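Engineer: Next comes run_32.cif, mmCIF, C-alpha atoms:
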data_target
loop_
_atom_site.label_atom_id
_atom_site.label_comp_id
_atom_site.auth_asym_id
_atom_site.auth_seq_id
_atom_site.Cartn_x
_atom_site.Cartn_y
_atom_site.Cartn_z
CA MET V 1 150.19 101.31 123.76
CA GLN V 2 146.83 102.81 124.75
CA PRO V 3 144.27 102.80 121.90
CA VAL V 4 143.44 106.26 120.55
CA ILE V 5 139.73 105.38 120.27
CA VAL V 6 137.78 103.12 122.64
CA ALA V 7 134.02 102.64 122.30
CA GLU V 8 132.32 100.68 125.05
CA LYS V 9 128.71 99.58 124.52
CA LEU V 10 127.77 102.78 122.68
CA GLY V 11 124.04 103.25 122.21
CA LYS V 12 122.09 105.99 120.48
CA ILE V 13 118.32 106.33 120.55
CA TYR V 14 116.40 108.92 118.55
CA ARG V 15 112.88 109.67 119.73
CA THR V 16 110.06 111.01 117.58
CA GLY V 17 106.96 111.30 119.71
CA LYS V 18 106.48 107.85 121.22
CA VAL V 19 108.61 106.14 118.59
CA GLU V 20 112.18 105.11 119.48
CA VAL V 21 114.79 104.41 116.80
CA HIS V 22 117.87 102.54 118.00
CA ALA V 23 120.58 103.90 115.71
CA LEU V 24 123.41 102.29 117.71
CA ARG V 25 123.08 99.12 119.78
CA SER V 26 125.88 98.38 122.26
CA VAL V 27 128.73 99.09 119.83
CA SER V 28 132.19 98.27 121.19
CA PHE V 29 135.61 98.43 119.51
CA SER V 30 139.04 100.03 119.84
CA VAL V 31 141.42 101.60 117.35
CA ALA V 32 145.19 101.77 117.72
CA ALA V 33 147.16 104.93 117.05
CA GLY V 34 148.11 105.14 113.37
CA GLU V 35 145.58 102.51 112.28
CA PHE V 36 143.33 102.93 109.22
CA VAL V 37 139.90 101.43 109.95
CA SER V 38 137.02 101.32 107.48
CA ILE V 39 133.41 101.03 108.64
CA VAL V 40 131.08 99.56 106.04
CA GLY V 41 127.34 99.21 106.03
CA PRO V 42 124.22 99.91 103.99
CA SER V 43 122.07 103.00 104.41
CA GLY V 44 120.43 102.93 107.84
CA SER V 45 123.08 100.65 109.36
CA GLY V 46 124.13 103.25 111.94
CA LYS V 47 127.54 104.06 110.50
CA SER V 48 126.80 107.78 110.12
CA THR V 49 125.48 107.98 113.69
CA LEU V 50 128.69 106.31 114.83
CA PHE V 51 130.70 108.84 112.80
CA TYR V 52 128.92 111.79 114.44
CA SER V 53 129.36 110.23 117.87
CA LEU V 54 133.10 109.70 117.33
CA GLY V 55 133.45 113.30 116.18
CA GLY V 56 131.56 114.69 119.15
CA LEU V 57 128.85 116.07 116.89
CA THR V 58 126.19 114.08 118.75
CA ARG V 59 126.17 112.58 122.24
CA PRO V 60 125.60 108.84 122.67
CA SER V 61 122.56 107.83 124.72
CA SER V 62 124.58 105.22 126.60
CA GLY V 63 128.06 103.73 126.88
CA ARG V 64 131.52 105.27 127.02
CA LEU V 65 133.69 106.81 124.32
CA LEU V 66 137.35 107.51 124.98
CA ILE V 67 139.23 109.73 122.55
CA ASP V 68 142.96 109.75 123.21
CA GLY V 69 142.24 108.72 126.80
CA VAL V 70 139.53 111.33 127.46
CA ASP V 71 135.92 110.28 128.12
CA PHE V 72 134.44 112.21 125.20
CA ALA V 73 130.82 111.32 125.89
CA SER V 74 130.89 112.82 129.39
CA LEU V 75 132.25 116.25 128.35
CA SER V 76 130.18 119.40 128.10
CA ASP V 77 129.40 120.82 124.66
CA ALA V 78 132.15 123.44 125.05
CA GLU V 79 134.70 120.86 126.19
CA ARG V 80 133.81 118.53 123.31
CA THR V 81 134.20 121.39 120.84
CA ARG V 82 137.63 122.25 122.24
CA LEU V 83 138.80 118.63 122.14
CA ARG V 84 137.39 118.16 118.64
CA LYS V 85 139.27 121.21 117.33
CA HIS V 86 142.59 119.91 118.64
CA LYS V 87 142.26 116.16 118.18
CA ILE V 88 140.01 115.47 115.17
CA GLY V 89 140.04 116.37 111.49
CA PHE V 90 136.96 115.82 109.31
CA VAL V 91 136.66 114.89 105.64
CA PHE V 92 133.10 114.85 104.31
CA GLN V 93 131.45 113.67 101.10
CA LYS V 94 130.65 117.30 100.32
CA PHE V 95 133.88 119.26 100.02
CA ASN V 96 132.49 122.28 101.95
CA LEU V 97 135.15 124.65 100.60
CA LEU V 98 134.46 128.37 100.78
CA PRO V 99 133.98 129.43 97.13
CA THR V 100 135.46 132.92 97.49
CA LEU V 101 138.74 131.69 98.99
CA SER V 102 141.68 130.06 97.26
CA ALA V 103 142.62 126.49 98.08
CA MET V 104 145.46 127.77 100.25
CA ASP V 105 143.21 130.15 102.18
CA ASN V 106 140.64 127.39 102.75
CA ILE V 107 143.39 125.29 104.32
CA LEU V 108 144.83 128.13 106.42
CA LEU V 109 141.39 129.14 107.67
CA ALA V 110 140.99 125.64 109.11
CA LEU V 111 144.36 126.01 110.86
CA GLU V 112 143.30 129.31 112.40
CA ILE V 113 139.98 127.85 113.61
CA ALA V 114 141.68 124.80 115.11
CA SER V 115 144.61 126.53 116.78
CA GLY V 116 143.47 130.13 117.18
CA THR V 117 146.49 131.34 115.25
CA LYS V 118 147.65 131.76 111.68
CA LYS V 119 151.13 130.52 112.61
CA LEU V 120 152.09 128.02 109.94
CA ASP V 121 154.76 125.33 109.91
CA LYS V 122 155.88 125.94 106.34
CA THR V 123 157.89 122.72 106.12
CA TYR V 124 154.88 120.64 107.14
CA PHE V 125 152.57 122.61 104.85
CA GLU V 126 154.85 122.07 101.85
CA HIS V 127 155.18 118.36 102.64
CA LEU V 128 151.41 117.98 103.06
CA THR V 129 150.46 119.76 99.86
CA GLU V 130 153.15 117.89 97.93
CA LEU V 131 151.92 114.61 99.37
CA LEU V 132 148.36 115.41 98.26
CA GLY V 133 149.44 116.64 94.83
CA ILE V 134 147.98 120.15 95.14
CA ARG V 135 151.11 122.33 95.36
CA GLY V 136 150.43 123.80 91.93
CA ARG V 137 146.74 124.47 92.63
CA LEU V 138 146.92 126.41 95.89
CA HIS V 139 146.03 129.80 94.39
CA HIS V 140 142.98 128.51 92.54
CA ARG V 141 139.43 128.86 93.85
CA PRO V 142 137.27 125.74 94.25
CA SER V 143 135.37 126.44 91.02
CA GLU V 144 138.69 126.19 89.16
CA LEU V 145 139.50 122.76 90.60
CA SER V 146 138.31 119.30 89.63
CA GLY V 147 136.26 117.27 92.09
CA GLY V 148 139.27 115.16 92.99
CA GLU V 149 141.40 118.27 93.57
CA GLN V 150 138.70 119.80 95.77
CA GLN V 151 138.57 116.64 97.90
CA ARG V 152 142.35 116.66 98.25
CA VAL V 153 142.17 120.27 99.42
CA ALA V 154 139.53 119.15 101.91
CA ILE V 155 141.89 116.42 103.13
CA ALA V 156 144.70 118.98 103.51
CA ARG V 157 142.28 121.15 105.50
CA ALA V 158 141.56 118.19 107.80
CA LEU V 159 145.27 117.40 108.28
CA ILE V 160 146.76 120.88 108.57
CA SER V 161 146.38 121.11 112.36
CA ARG V 162 147.95 117.65 112.77
CA PRO V 163 144.98 116.01 114.51
CA ALA V 164 145.46 112.66 116.20
CA ILE V 165 142.38 111.30 114.40
CA VAL V 166 140.94 111.85 110.92
CA LEU V 167 137.28 110.95 110.36
CA ALA V 168 136.28 110.56 106.72
CA ASP V 169 132.60 110.23 105.82
CA GLU V 170 132.10 108.79 102.30
CA PRO V 171 135.10 110.80 101.01
CA THR V 172 134.68 109.41 97.47
CA GLY V 173 130.90 109.65 97.34
CA ASN V 174 130.86 112.61 94.90
CA LEU V 175 133.73 111.40 92.70
CA ASP V 176 134.08 109.26 89.59
CA SER V 177 136.10 106.04 89.81
CA LYS V 178 139.39 107.60 88.67
CA ASN V 179 139.23 110.44 91.20
CA SER V 180 137.95 108.04 93.88
CA ASP V 181 141.02 105.85 93.46
CA ALA V 182 143.30 108.89 93.61
CA VAL V 183 141.69 110.27 96.77
CA LEU V 184 141.78 106.89 98.52
CA ALA V 185 145.45 106.53 97.59
CA VAL V 186 146.41 109.92 99.05
CA LEU V 187 144.30 109.32 102.15
CA ARG V 188 146.10 106.04 102.72
CA ARG V 189 149.49 107.55 101.96
CA SER V 190 148.87 110.45 104.36
CA ASN V 191 147.89 107.93 107.04
CA GLN V 192 151.12 106.01 106.54
CA GLU V 193 153.48 108.98 106.23
CA LEU V 194 151.90 111.36 108.76
CA LYS V 195 150.99 108.59 111.25
CA GLN V 196 147.47 109.85 111.85
CA THR V 197 144.68 107.48 112.81
CA VAL V 198 141.99 107.31 110.11
CA MET V 199 138.44 106.05 110.39
CA MET V 200 136.56 106.02 107.10
CA ILE V 201 132.82 105.49 106.75
CA THR V 202 131.72 104.03 103.43
CA HIS V 203 129.05 101.89 101.82
CA ASN V 204 131.57 100.69 99.23
CA PRO V 205 133.42 97.44 100.15
CA GLU V 206 136.08 98.11 97.48
CA ALA V 207 136.90 101.51 99.01
CA ALA V 208 136.89 99.98 102.50
CA ALA V 209 139.51 97.42 101.51
CA ILE V 210 142.20 100.13 101.50
CA GLY V 211 142.16 100.16 105.30
CA ASP V 212 144.09 97.97 107.73
CA ARG V 213 140.83 96.59 109.10
CA VAL V 214 137.17 96.62 108.12
CA LEU V 215 134.26 96.78 110.58
CA HIS V 216 130.83 95.84 109.26
CA MET V 217 127.61 97.43 110.58
CA ARG V 218 123.99 96.43 110.21
CA ASP V 219 120.91 97.62 112.10
CA GLY V 220 122.99 99.65 114.54
CA GLU V 221 125.29 96.80 115.48
CA LEU V 222 128.83 95.74 114.64
CA LEU V 223 128.85 92.30 113.06
CA ASP V 224 131.39 89.66 113.92
CA ALA V 225 133.19 88.00 111.01
CA GLU V 226 131.05 84.85 111.11
CA THR V 227 127.74 86.76 111.05
CA HIS V 228 128.92 89.02 108.24
CA ALA V 229 130.07 86.04 106.16
CA ALA V 230 126.71 84.32 106.67
CA LEU V 231 124.79 87.41 105.57
CA GLU V 232 127.01 87.80 102.49
CA ALA V 233 126.45 84.17 101.56
CA ARG V 234 122.69 84.50 102.00
CA SER V 235 122.67 87.64 99.82
CA ALA V 236 124.71 85.90 97.10
CA ASN V 237 122.40 82.87 97.10
CA ALA V 238 119.34 85.12 96.83
CA VAL V 239 120.75 86.58 93.61
#
Do you think you could lay out the structure here as C-alpha cells?
Structural biologist:
Amino acid sequence: MQPVIVAEKLGKIYRTGKVEVHALRSVSFSVAAGEFVSIVGPSGSGKSTLFYSLGGLTRPSSGRLLIDGVDFASLSDAERTRLRKHKIGFVFQKFNLLPTLSAMDNILLALEIASGTKKLDKTYFEHLTELLGIRGRLHHRPSELSGGEQQRVAIARALISRPAIVLADEPTGNLDSKNSDAVLAVLRRSNQELKQTVMMITHNPEAAAIGDRVLHMRDGELLDAETHAALEARSANAV
C-alpha cells in the first residue's frame, strides 16, 4: 500500500537579512494510511515548521513532499489550497471556534468551506458527534462549553469532511490533565474507527505515547532511536 505521506529530504530555511535559520534539515519519513504518528520535540526543534509544511501552509525550501501521491511542495498556492481543503483536517491548540455560532454551525461551516456545499451525511454526522461525546452540546455556543468540549468540537470540525489526513498541533496545550486525557482518547478512537491518518505535534512525551509511532525532532532534524536514547540518558545524568 502506498504511504499517504512521504517526506524526502525536506529542508526549510528562513532568512532575516543576512541571517539564515535552518528550521528543517533533510527530514525524511513516510506515514501509512490509517497510522497515528506523534512528533515530539522541544521548542525550536522544527516540529511546527514541519506541521505547516505538511499542511501546505508554508512551502519547503528543498526536498519533496507527497500527500496521497501528489507532490504537494511543487503545487501552486491555489492548487495547494484546493488539495488541503479536500485532503487535510486541522486541529490547533487554540480552538478557533466562531463565538457567535453554535457548535453545530461551527462544524457545518467547515463542511461548506471544504466541499463547497452544505450537503450533510446525517448518519456520519451523528456517528461523529456521538463518538466525540458532543451530541448533547451541539446547540450551545463556544462560551457555554468547557475547554475539553470546545476542543472536541474542533476535532469534529476537522473530521466532518472526511479528510485523508488529520494534523493536530498541540491539541491538549490549552487543557487541564483531565480534559487532555479525554481529548487524546477521542482523537485516538476517531483515528481507529474512522480510519483517518493522524499526525500530532506535541512537546509532551506522555501525550505522544498514544500514537502508533513517535518521531523525535531536535534542531530541525529527525533523530534516530539510538541518538534520541543517548540524548535522554545525557539529560537524565545531568539532573
Engineer: Expanded to explicit residues, what is the PyMOL selection byres ((chain V and resi 35) around 8) for this file, as a VMD selection string?
Structural biologist: chain V and resid 31 to 34 36 to 37 191 196 to 198 212
Engineer: Can you pull out every residue within 12 Å of Leu131 of chain V, counting all atoms listed in the file, but drop anything in the same chain fewer than 6 positions away, and send it as a PyMOL selection string?
Structural biologist: chain V and resi 124-125+152-153+155-156+159+182-183+185-194
Engineer: If I put a ball of radius 7 Å at (138.5, 112.3, 111.5) in the file's coordinates, which residues poke into it when counting only C-alpha atoms, written as a ChimeraX atom specification?
Structural biologist: /V:55,88-91,165-168,198-199
Engineer: Would you save the residues from that selection as a PDB file, in the coordinates of the input, using C-alpha atoms?
Structural biologist:
ATOM      1  CA  GLY V  55     133.450 113.300 116.180  1.00  0.00           C
ATOM      2  CA  ILE V  88     140.010 115.470 115.170  1.00  0.00           C
ATOM      3  CA  GLY V  89     140.040 116.370 111.490  1.00  0.00           C
ATOM      4  CA  PHE V  90     136.960 115.820 109.310  1.00  0.00           C
ATOM      5  CA  VAL V  91     136.660 114.890 105.640  1.00  0.00           C
ATOM      6  CA  ILE V 165     142.380 111.300 114.400  1.00  0.00           C
ATOM      7  CA  VAL V 166     140.940 111.850 110.920  1.00  0.00           C
ATOM      8  CA  LEU V 167     137.280 110.950 110.360  1.00  0.00           C
ATOM      9  CA  ALA V 168     136.280 110.560 106.720  1.00  0.00           C
ATOM     10  CA  VAL V 198     141.990 107.310 110.110  1.00  0.00           C
ATOM     11  CA  MET V 199     138.440 106.050 110.390  1.00  0.00           C
TER      12      MET V 199
END
Engineer: Starting from the point (131.6, 100.8, 108.0), work out which residues of protein, DNA or RNA have an atom no more than 6 Å away when counting all atoms listed in the file; state them as a count of residues only.
Structural biologist: 10
Engineer: If we count all atoms listed in the file and set the cut-off at 9 Å, which residues sit around Ala110 of chain V, ignoring sequence neighbours fewer than 5 positions away in its own chain? Please answer as a list of chain:residue names.
Structural biologist: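 After dropping sequence-adjacent residues, the list is V:Asp105, V:Ser115, V:Arg157, V:Ala158, V:Ile160, V:Ser161.
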Engineer: Taking the file as I've supplied it (selection: the PyMOL selection byres ((chain V and resi 74) around 12)), which residues are included? Please answer as a PyMOL selection string.
Structural biologist: chain V and resi 53+56+58-67+70-73+75-80
Engineer: Give me, please, the distance in Å between atom CA of Lys178 of chain V and atom CA of Glu149 of chain V, quoted to one decimal.
Structural biologist: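 So the two atoms, atom CA of Lys178 of chain V and atom CA of Glu149 of chain V, lie 11.9 Å apart.
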Engineer: Atom CA of Thr81 of chain V to atom CA of Ile113 of chain V: how many Å, to one decimal?
Structural biologist: 11.3 Å
Engineer: Take the PyMOL selection byres ((chain V and resi 16-29) around 7), run it mentally on this structure, and tell me the resulting residues as a PDB file with C-alpha atoms, keeping the file's coordinate frame.
Structural biologist:
ATOM      1  CA  VAL V   6     137.780 103.120 122.640  1.00  0.00           C
ATOM      2  CA  ALA V   7     134.020 102.640 122.300  1.00  0.00           C
ATOM      3  CA  GLU V   8     132.320 100.680 125.050  1.00  0.00           C
ATOM      4  CA  LYS V   9     128.710  99.580 124.520  1.00  0.00           C
ATOM      5  CA  LEU V  10     127.770 102.780 122.680  1.00  0.00           C
ATOM      6  CA  GLY V  11     124.040 103.250 122.210  1.00  0.00           C
ATOM      7  CA  LYS V  12     122.090 105.990 120.480  1.00  0.00           C
ATOM      8  CA  ILE V  13     118.320 106.330 120.550  1.00  0.00           C
ATOM      9  CA  TYR V  14     116.400 108.920 118.550  1.00  0.00           C
ATOM     10  CA  ARG V  15     112.880 109.670 119.730  1.00  0.00           C
ATOM     11  CA  SER V  30     139.040 100.030 119.840  1.00  0.00           C
ATOM     12  CA  VAL V  31     141.420 101.600 117.350  1.00  0.00           C
ATOM     13  CA  GLY V  46     124.130 103.250 111.940  1.00  0.00           C
ATOM     14  CA  THR V  49     125.480 107.980 113.690  1.00  0.00           C
ATOM     15  CA  GLY V 220     122.990  99.650 114.540  1.00  0.00           C
ATOM     16  CA  GLU V 221     125.290  96.800 115.480  1.00  0.00           C
ATOM     17  CA  LEU V 222     128.830  95.740 114.640  1.00  0.00           C
TER      18      LEU V 222
END
Engineer: To one decimal place, how far is atom CA of Gly173 of chain V from atom CA of Lys85 of chain V in Å?
Structural biologist: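 We find that atom CA of Gly173 of chain V and atom CA of Lys85 of chain V lie 24.6 Å from each other.
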Engineer: Check the smallest atom-to-atom distance from each of V:Ala209, V:Leu184, V:Met200, V:Leu145 to Leu132 of chain V using all atoms listed in the file, then report the winner.
Structural biologist: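 Selected residue with least distance to Leu132 of chain V: V:Leu184.
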Engineer: Considering only C-alpha atoms, state which residue in the set V:Gln151, V:Tyr52, V:Arg135, V:Pro3 is at the smallest distance from Asn179 of chain V.
Structural biologist: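 Among the listed residues, V:Gln151 lies closest to Asn179 of chain V.
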Engineer: What lies within 6 Å of segment 93-100 of chain V using only C-alpha atoms, ignoring chain neighbours under 2 positions off, as a PyMOL selection string?
Structural biologist: chain V and resi 142+151+154+169-171+173
Engineer: Calculated over only C-alpha atoms, which of the candidates V:Glu206, V:Ser45, V:Arg84, V:Ala103 has the smallest distance to Gly136 of chain V?
Structural biologist: V:Ala103
